[in-house]
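Student: I'd like to ask you about the structure that follows.
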Amino acid sequence: MSIDWASFTPWHALGGGALIGLAAAVLWLGLGRIAGISGIAGGLASFTASGGDRAWRVLFVAGLVGGAGIVHLATGGLFEIRTGYPLWLLLPGAFLVGLGTRMGSGCTSGHGVCGIARFSVRGLAATVTFMATAFVTVFFVRHFFGPGGVA
Amino acid sequence: MKSLIALVAGGLFGAGLYVAMMADPDKVLAFLDLAGAWDPSLALVMVGAIAVSAVGFAVSRRMTTSLGGSSFAWPGLERPDLKLLGGAALFGVGWGMTGYCPGPGFAALAVNPAEAVYYLAAMVMGMLVWDRGLSRP
């Protein structure tokens with residue numbers, strides 16, 4: 001391992017993280033809901049959430065897209081947009097994200113942030129598990145085949 | 001009021017994802033690539049997010065209902081099981097293949113829509129396969 005200090009952005013990371021934590025606290029204290037994106041989106045996608053339970057989900061997701069878009073425009077872009085990423089990685093990978101987060105009842109936000117912040121054993125166990133398989137997956141994709149395979 | 005809370009929370013979340021640069025899948029993959037030129041930034045996103053939200057969860061333990069009036073939807077299960085760990089394992093593989101977890105996948109609609117539409121369509125398919133298929137006995 002070598003640490004890429006030139007790409008290290010600690011203040012953006014801490015500041016952005018604090019905003020994410022604030023968002024989770026606002027949704028929890030305001031509506032009593034966990035800010036877990038896969039759960040919020042899954043309830044919409046699968047129509048398991050109905051009536052008034054749909055409205056706040058739609059607004060949260062709309063706010064998320066809008067919030068990211070506003071900062072994107074206001075800053076003029078903090079990073080390069082990725083282009084040409086192979087669909088043979090993107091499509092099956094995204095499918096596994098959808099399947100796995102519904103099967104495992106959460107993703108980075110619900111387990112990794114909210115779960116750990118409320119000292120949930122399930123949240124911690126899920127986070128350790130998905131971090132581990134993500135590290136292993138990126139190792140194989142980047143260093144054996146696929147984009148960046150030259151690294 | 002409830003609508004405003006949901007919209008503001010979503011807005012803060014999306015802004016946070018962008019500022020933290022989690023909406024950049026290349027940066028996410030650089031964090032997940034321990035064997036390459038490792039960018040440790042995203043570990044600090046977790047630190048910042050957990051530190052602030054933990055205050056919210058701690059405060060709520062002294063409240064009977066949320067400010068909007070509805071009760072707190074505390075997740076019911078507390079013990080890990082195979083479904084939790086198996087699902088988390090599959091999710092991690094998908095995250096590593098794409099560089100997007102669900103939140104940044106939605107944020108990408110505003111940042112990189114050409115990629116986001118493919119990602120979100122396939123993600124929703126996976127959700128439906130579980131919710132409408134495999135999860136049923």
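Chain labels follow the order of the structure tokens: the first chain is A, the next B, and so on; residue numbering restarts at 1 in every chain, and ligands are counted from 1 in their shown order.
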What's around Phe135 of chain A at 7 Å? Count only C-alpha atoms, leave out sequence neighbours fewer than 6 positions away in its own chain, and write the answer as an MDAnalysis selection string.

Tutor: chainID B and resid 32:34 96

Student: Residues at most 12 Å from Tyr118 of chain B, counting only C-alpha atoms, excluding those fewer than 6 positions away in the same chain, as a PDB file with N, CA, C and O atoms, in the first residue's frame?

Tutor:
```
ATOM      1  N   TYR A  85     -17.042   4.423 -18.482  1.00  0.00           N
ATOM      2  CA  TYR A  85     -16.891   3.284 -17.568  1.00  0.00           C
ATOM      3  C   TYR A  85     -17.643   2.100 -18.159  1.00  0.00           C
ATOM      4  O   TYR A  85     -18.772   2.232 -18.612  1.00  0.00           O
ATOM      5  N   PRO A  86     -17.027   0.920 -18.178  1.00  0.00           N
ATOM      6  CA  PRO A  86     -17.637  -0.213 -18.898  1.00  0.00           C
ATOM      7  C   PRO A  86     -18.964  -0.663 -18.286  1.00  0.00           C
ATOM      8  O   PRO A  86     -19.075  -0.839 -17.077  1.00  0.00           O
ATOM      9  N   LEU A  87     -19.949  -0.847 -19.162  1.00  0.00           N
ATOM     10  CA  LEU A  87     -21.269  -1.271 -18.708  1.00  0.00           C
ATOM     11  C   LEU A  87     -21.244  -2.679 -18.136  1.00  0.00           C
ATOM     12  O   LEU A  87     -22.066  -3.026 -17.296  1.00  0.00           O
ATOM     13  N   TRP A  88     -20.285  -3.493 -18.550  1.00  0.00           N
ATOM     14  CA  TRP A  88     -20.231  -4.865 -18.013  1.00  0.00           C
ATOM     15  C   TRP A  88     -19.849  -4.869 -16.540  1.00  0.00           C
ATOM     16  O   TRP A  88     -20.085  -5.844 -15.840  1.00  0.00           O
ATOM     17  N   LEU A  89     -19.296  -3.767 -16.058  1.00  0.00           N
ATOM     18  CA  LEU A  89     -19.094  -3.617 -14.607  1.00  0.00           C
ATOM     19  C   LEU A  89     -20.230  -2.831 -13.961  1.00  0.00           C
ATOM     20  O   LEU A  89     -20.696  -3.161 -12.878  1.00  0.00           O
ATOM     21  N   LEU A  90     -20.674  -1.783 -14.661  1.00  0.00           N
ATOM     22  CA  LEU A  90     -21.670  -0.879 -14.074  1.00  0.00           C
ATOM     23  C   LEU A  90     -23.021  -1.574 -13.863  1.00  0.00           C
ATOM     24  O   LEU A  90     -23.608  -1.479 -12.773  1.00  0.00           O
ATOM     25  N   LEU A  91     -23.502  -2.275 -14.883  1.00  0.00           N
ATOM     26  CA  LEU A  91     -24.860  -2.835 -14.792  1.00  0.00           C
ATOM     27  C   LEU A  91     -24.965  -3.990 -13.797  1.00  0.00           C
ATOM     28  O   LEU A  91     -25.810  -3.944 -12.900  1.00  0.00           O
ATOM     29  N   PRO A  92     -24.137  -5.030 -13.905  1.00  0.00           N
ATOM     30  CA  PRO A  92     -24.253  -6.095 -12.892  1.00  0.00           C
ATOM     31  C   PRO A  92     -23.902  -5.605 -11.493  1.00  0.00           C
ATOM     32  O   PRO A  92     -24.489  -6.056 -10.507  1.00  0.00           O
ATOM     33  N   GLY A  93     -22.967  -4.667 -11.394  1.00  0.00           N
ATOM     34  CA  GLY A  93     -22.608  -4.126 -10.083  1.00  0.00           C
ATOM     35  C   GLY A  93     -23.789  -3.400  -9.442  1.00  0.00           C
ATOM     36  O   GLY A  93     -24.104  -3.598  -8.271  1.00  0.00           O
ATOM     37  N   ALA A  94     -24.464  -2.573 -10.229  1.00  0.00           N
ATOM     38  CA  ALA A  94     -25.619  -1.841  -9.708  1.00  0.00           C
ATOM     39  C   ALA A  94     -26.746  -2.803  -9.337  1.00  0.00           C
ATOM     40  O   ALA A  94     -27.445  -2.597  -8.338  1.00  0.00           O
ATOM     41  N   PHE A  95     -26.906  -3.857 -10.126  1.00  0.00           N
ATOM     42  CA  PHE A  95     -27.920  -4.873  -9.804  1.00  0.00           C
ATOM     43  C   PHE A  95     -27.622  -5.497  -8.433  1.00  0.00           C
ATOM     44  O   PHE A  95     -28.518  -5.657  -7.598  1.00  0.00           O
TER      45      PHE A  95
ATOM     46  N   THR B  98     -18.764  -0.739  -9.123  1.00  0.00           N
ATOM     47  CA  THR B  98     -19.280   0.485  -9.732  1.00  0.00           C
ATOM     48  C   THR B  98     -18.682   1.780  -9.159  1.00  0.00           C
ATOM     49  O   THR B  98     -18.586   2.776  -9.868  1.00  0.00           O
ATOM     50  N   TYR B 100     -20.274   3.336  -6.860  1.00  0.00           N
ATOM     51  CA  TYR B 100     -21.460   4.032  -6.338  1.00  0.00           C
ATOM     52  C   TYR B 100     -22.184   3.156  -5.327  1.00  0.00           C
ATOM     53  O   TYR B 100     -22.516   2.004  -5.634  1.00  0.00           O
ATOM     54  N   GLY B 105     -25.399   7.238  -6.085  1.00  0.00           N
ATOM     55  CA  GLY B 105     -26.046   6.866  -7.343  1.00  0.00           C
ATOM     56  C   GLY B 105     -27.131   7.877  -7.700  1.00  0.00           C
ATOM     57  O   GLY B 105     -27.254   8.291  -8.861  1.00  0.00           O
ATOM     58  N   PHE B 106     -27.915   8.286  -6.691  1.00  0.00           N
ATOM     59  CA  PHE B 106     -28.933   9.314  -6.942  1.00  0.00           C
ATOM     60  C   PHE B 106     -28.297  10.685  -7.162  1.00  0.00           C
ATOM     61  O   PHE B 106     -28.728  11.428  -8.045  1.00  0.00           O
ATOM     62  N   ALA B 108     -25.645  11.303  -8.516  1.00  0.00           N
ATOM     63  CA  ALA B 108     -25.060  11.308  -9.859  1.00  0.00           C
ATOM     64  C   ALA B 108     -26.069  11.746 -10.911  1.00  0.00           C
ATOM     65  O   ALA B 108     -25.677  12.176 -12.003  1.00  0.00           O
ATOM     66  N   LEU B 109     -27.367  11.653 -10.607  1.00  0.00           N
ATOM     67  CA  LEU B 109     -28.370  12.152 -11.560  1.00  0.00           C
ATOM     68  C   LEU B 109     -28.129  13.622 -11.878  1.00  0.00           C
ATOM     69  O   LEU B 109     -28.383  14.081 -12.992  1.00  0.00           O
ATOM     70  N   ASN B 112     -23.700  13.405 -13.164  1.00  0.00           N
ATOM     71  CA  ASN B 112     -23.276  12.579 -14.300  1.00  0.00           C
ATOM     72  C   ASN B 112     -24.456  11.717 -14.755  1.00  0.00           C
ATOM     73  O   ASN B 112     -24.442  10.497 -14.621  1.00  0.00           O
ATOM     74  N   VAL B 124     -32.492  -0.559  -9.309  1.00  0.00           N
ATOM     75  CA  VAL B 124     -33.917  -0.765  -9.029  1.00  0.00           C
ATOM     76  C   VAL B 124     -34.335  -2.186  -9.436  1.00  0.00           C
ATOM     77  O   VAL B 124     -35.118  -2.839  -8.738  1.00  0.00           O
ATOM     78  N   MET B 125     -33.772  -2.680 -10.541  1.00  0.00           N
ATOM     79  CA  MET B 125     -34.044  -4.081 -10.929  1.00  0.00           C
ATOM     80  C   MET B 125     -33.649  -5.028  -9.803  1.00  0.00           C
ATOM     81  O   MET B 125     -34.393  -5.950  -9.447  1.00  0.00           O
TER      82      MET B 125
END
```

Student: Compile the contact shell of Pro80 of chain B as a PDB file with C-alpha atoms, in the first residue's frame: residues with an atom at most 8 Å away, counting only C-alpha atoms, same-chain residues fewer than 4 positions apart removed.

Tutor:
```
ATOM      1  CA  VAL A 121     -24.538  -4.448  16.362  1.00  0.00           C
ATOM      2  CA  ARG A 122     -26.304  -5.260  13.077  1.00  0.00           C
ATOM      3  CA  ALA A 125     -21.623  -6.168  11.343  1.00  0.00           C
ATOM      4  CA  ALA A 126     -23.111  -5.180   7.978  1.00  0.00           C
TER       5      ALA A 126
ATOM      6  CA  LEU B  84     -28.022  -9.351   6.785  1.00  0.00           C
ATOM      7  CA  LEU B  85     -24.457 -10.511   6.207  1.00  0.00           C
TER       8      LEU B  85
END
```

Student: Using backbone DSSP assignments, extract all alpha helix (DSSP H) residues from segment 16-74 of chain A; output them as a ChimeraX atom specification.

Tutor: /A:16-31,37-45,52-74

Student: Quick one: residues within 7 Å of Ser109 of chain A, only C-alpha atoms counted, chain neighbours fewer than 2 positions away excluded, as a PDB file with all heavy atoms, in the first residue's frame?

Tutor:
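Output below, filename selection36.pdb:
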```pdb
ATOM      1  N   ALA A  35     -32.205   7.693   7.899  1.00  0.00           N
ATOM      2  CA  ALA A  35     -31.760   8.152   6.575  1.00  0.00           C
ATOM      3  C   ALA A  35     -30.954   7.051   5.901  1.00  0.00           C
ATOM      4  O   ALA A  35     -29.734   7.145   5.770  1.00  0.00           O
ATOM      5  CB  ALA A  35     -30.941   9.441   6.695  1.00  0.00           C
ATOM      6  N   GLY A  36     -31.648   6.007   5.519  1.00  0.00           N
ATOM      7  CA  GLY A  36     -31.013   4.921   4.774  1.00  0.00           C
ATOM      8  C   GLY A  36     -31.499   4.987   3.339  1.00  0.00           C
ATOM      9  O   GLY A  36     -32.687   4.805   3.071  1.00  0.00           O
ATOM     10  N   ILE A  37     -30.593   5.282   2.417  1.00  0.00           N
ATOM     11  CA  ILE A  37     -31.041   5.577   1.056  1.00  0.00           C
ATOM     12  C   ILE A  37     -31.654   4.359   0.381  1.00  0.00           C
ATOM     13  O   ILE A  37     -32.659   4.457  -0.309  1.00  0.00           O
ATOM     14  CB  ILE A  37     -29.865   6.121   0.196  1.00  0.00           C
ATOM     15  CG1 ILE A  37     -29.148   7.255   0.932  1.00  0.00           C
ATOM     16  CG2 ILE A  37     -30.371   6.602  -1.147  1.00  0.00           C
ATOM     17  CD1 ILE A  37     -30.022   8.400   1.366  1.00  0.00           C
ATOM     18  N   CYS A 107     -27.635   0.094   3.439  1.00  0.00           N
ATOM     19  CA  CYS A 107     -26.401   0.340   2.682  1.00  0.00           C
ATOM     20  C   CYS A 107     -25.441   1.169   3.520  1.00  0.00           C
ATOM     21  O   CYS A 107     -25.474   1.136   4.750  1.00  0.00           O
ATOM     22  CB  CYS A 107     -26.722   1.021   1.346  1.00  0.00           C
ATOM     23  SG  CYS A 107     -27.580   2.601   1.516  1.00  0.00           S
ATOM     24  N   HIS A 111     -26.712   1.504   7.436  1.00  0.00           N
ATOM     25  CA  HIS A 111     -25.868   0.706   8.331  1.00  0.00           C
ATOM     26  C   HIS A 111     -24.608   1.483   8.742  1.00  0.00           C
ATOM     27  O   HIS A 111     -24.276   1.577   9.916  1.00  0.00           O
ATOM     28  CB  HIS A 111     -25.437  -0.597   7.641  1.00  0.00           C
ATOM     29  CG  HIS A 111     -26.526  -1.617   7.526  1.00  0.00           C
ATOM     30  ND1 HIS A 111     -27.371  -1.934   8.561  1.00  0.00           N
ATOM     31  CD2 HIS A 111     -26.913  -2.403   6.496  1.00  0.00           C
ATOM     32  CE1 HIS A 111     -28.228  -2.867   8.179  1.00  0.00           C
ATOM     33  NE2 HIS A 111     -27.982  -3.173   6.921  1.00  0.00           N
ATOM     34  N   GLY A 112     -23.891   2.003   7.738  1.00  0.00           N
ATOM     35  CA  GLY A 112     -22.573   2.583   7.989  1.00  0.00           C
ATOM     36  C   GLY A 112     -22.613   3.865   8.798  1.00  0.00           C
ATOM     37  O   GLY A 112     -21.739   4.113   9.628  1.00  0.00           O
ATOM     38  N   VAL A 113     -23.626   4.700   8.552  1.00  0.00           N
ATOM     39  CA  VAL A 113     -23.723   5.953   9.307  1.00  0.00           C
ATOM     40  C   VAL A 113     -24.723   5.805  10.457  1.00  0.00           C
ATOM     41  O   VAL A 113     -24.353   5.819  11.633  1.00  0.00           O
ATOM     42  CB  VAL A 113     -24.112   7.139   8.393  1.00  0.00           C
ATOM     43  CG1 VAL A 113     -24.315   8.400   9.213  1.00  0.00           C
ATOM     44  CG2 VAL A 113     -23.033   7.362   7.338  1.00  0.00           C
ATOM     45  N   CYS A 114     -26.002   5.625  10.119  1.00  0.00           N
ATOM     46  CA  CYS A 114     -27.037   5.600  11.171  1.00  0.00           C
ATOM     47  C   CYS A 114     -26.861   4.407  12.111  1.00  0.00           C
ATOM     48  O   CYS A 114     -26.993   4.546  13.333  1.00  0.00           O
ATOM     49  CB  CYS A 114     -28.424   5.568  10.541  1.00  0.00           C
ATOM     50  SG  CYS A 114     -28.809   7.057   9.597  1.00  0.00           S
TER      51      CYS A 114
END
```

Student: Considering only C-alpha atoms, state which residue in the set B:Val28, B:Asp81, B:Ser66, B:Met22 is at the smallest distance from chain A.

Tutor: B:Ser66

Student: List the spatial neighbours of Val97 of chain A as a compact mmCIF listing (two decimals) with all heavy atoms, in the first residue's frame - criterion: any atom at most 8 Å away, only C-alpha atoms, same-chain residues fewer than 4 positions off excluded.

Tutor:
```txt
# COMPACT_ATOMS: atom_id res chain seq x y z
N GLY A 93 -22.97 -4.67 -11.39
CA GLY A 93 -22.61 -4.13 -10.08
C GLY A 93 -23.79 -3.40 -9.44
O GLY A 93 -24.10 -3.60 -8.27
N THR A 101 -28.63 -4.64 -0.95
CA THR A 101 -29.08 -3.69 0.07
C THR A 101 -30.49 -4.01 0.55
O THR A 101 -30.82 -3.78 1.71
CB THR A 101 -29.05 -2.23 -0.43
OG1 THR A 101 -29.78 -2.14 -1.66
CG2 THR A 101 -27.63 -1.75 -0.65
N LEU B 90 -23.05 -9.02 -0.80
CA LEU B 90 -23.38 -8.77 -2.22
C LEU B 90 -23.32 -7.27 -2.52
O LEU B 90 -22.83 -6.86 -3.58
CB LEU B 90 -24.78 -9.30 -2.53
CG LEU B 90 -24.97 -10.81 -2.51
CD1 LEU B 90 -26.43 -11.16 -2.79
CD2 LEU B 90 -24.06 -11.47 -3.55
N PHE B 91 -23.82 -6.47 -1.60
CA PHE B 91 -23.79 -5.02 -1.80
C PHE B 91 -22.35 -4.53 -1.95
O PHE B 91 -22.04 -3.72 -2.84
CB PHE B 91 -24.50 -4.32 -0.63
CG PHE B 91 -24.13 -2.86 -0.48
CD1 PHE B 91 -24.15 -2.00 -1.56
CD2 PHE B 91 -23.75 -2.37 0.76
CE1 PHE B 91 -23.80 -0.66 -1.42
CE2 PHE B 91 -23.39 -1.04 0.91
CZ PHE B 91 -23.41 -0.18 -0.18
N GLY B 92 -21.46 -5.04 -1.11
CA GLY B 92 -20.06 -4.62 -1.18
C GLY B 92 -19.43 -4.95 -2.53
O GLY B 92 -18.67 -4.15 -3.08
N VAL B 93 -19.76 -6.12 -3.06
CA VAL B 93 -19.25 -6.50 -4.39
C VAL B 93 -19.74 -5.50 -5.43
O VAL B 93 -18.96 -4.99 -6.26
CB VAL B 93 -19.68 -7.94 -4.75
CG1 VAL B 93 -19.32 -8.25 -6.20
CG2 VAL B 93 -19.03 -8.95 -3.81
N GLY B 94 -21.03 -5.17 -5.38
CA GLY B 94 -21.59 -4.22 -6.35
C GLY B 94 -21.00 -2.83 -6.20
O GLY B 94 -20.73 -2.14 -7.19
N TRP B 95 -20.76 -2.41 -4.96
CA TRP B 95 -20.15 -1.10 -4.68
C TRP B 95 -18.74 -1.07 -5.29
O TRP B 95 -18.33 -0.09 -5.93
CB TRP B 95 -20.12 -0.88 -3.17
CG TRP B 95 -19.74 0.51 -2.74
CD1 TRP B 95 -19.90 1.66 -3.45
CD2 TRP B 95 -19.15 0.88 -1.48
NE1 TRP B 95 -19.44 2.74 -2.70
CE2 TRP B 95 -18.98 2.28 -1.50
CE3 TRP B 95 -18.76 0.16 -0.34
CZ2 TRP B 95 -18.43 2.98 -0.42
CZ3 TRP B 95 -18.22 0.85 0.72
CH2 TRP B 95 -18.06 2.24 0.68
N CYS B 101 -22.48 3.71 -4.15
CA CYS B 101 -23.50 3.11 -3.30
C CYS B 101 -24.80 3.89 -3.61
O CYS B 101 -24.78 4.82 -4.40
CB CYS B 101 -23.10 3.14 -1.83
SG CYS B 101 -22.50 4.72 -1.21
N PRO B 102 -25.94 3.51 -3.03
CA PRO B 102 -27.21 4.10 -3.49
C PRO B 102 -27.29 5.63 -3.40
O PRO B 102 -27.77 6.28 -4.35
CB PRO B 102 -28.25 3.43 -2.60
CG PRO B 102 -27.66 2.07 -2.35
CD PRO B 102 -26.19 2.32 -2.17
N MET B 123 -29.96 -0.88 -10.48
CA MET B 123 -30.12 -0.99 -9.03
C MET B 123 -31.58 -1.27 -8.67
O MET B 123 -31.87 -2.14 -7.83
CB MET B 123 -29.64 0.30 -8.35
CG MET B 123 -29.71 0.26 -6.83
SD MET B 123 -29.36 1.85 -6.05
CE MET B 123 -30.95 2.67 -6.19
N GLY B 126 -32.46 -4.81 -9.26
CA GLY B 126 -32.00 -5.68 -8.17
C GLY B 126 -32.91 -5.58 -6.95
O GLY B 126 -33.20 -6.59 -6.30
```

Student: What lies within 12 Å of segment 4-13 of chain B using only C-alpha atoms, ignoring chain neighbours under 4 positions off, as number ranges by chain?

Tutor: A: 15-37, 40, 53-71, 109, 113; B: 17-20, 22-23, 49, 53, 66-68, 103-104, 106-107

Student: Just give me the gap between atom CA of Leu134 of chain B and atom CA of Lys83 of chain B in Å, one decimal is fine.

Tutor: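 We find that atom CA of Leu134 of chain B and atom CA of Lys83 of chain B lie 11.6 Å from each other.
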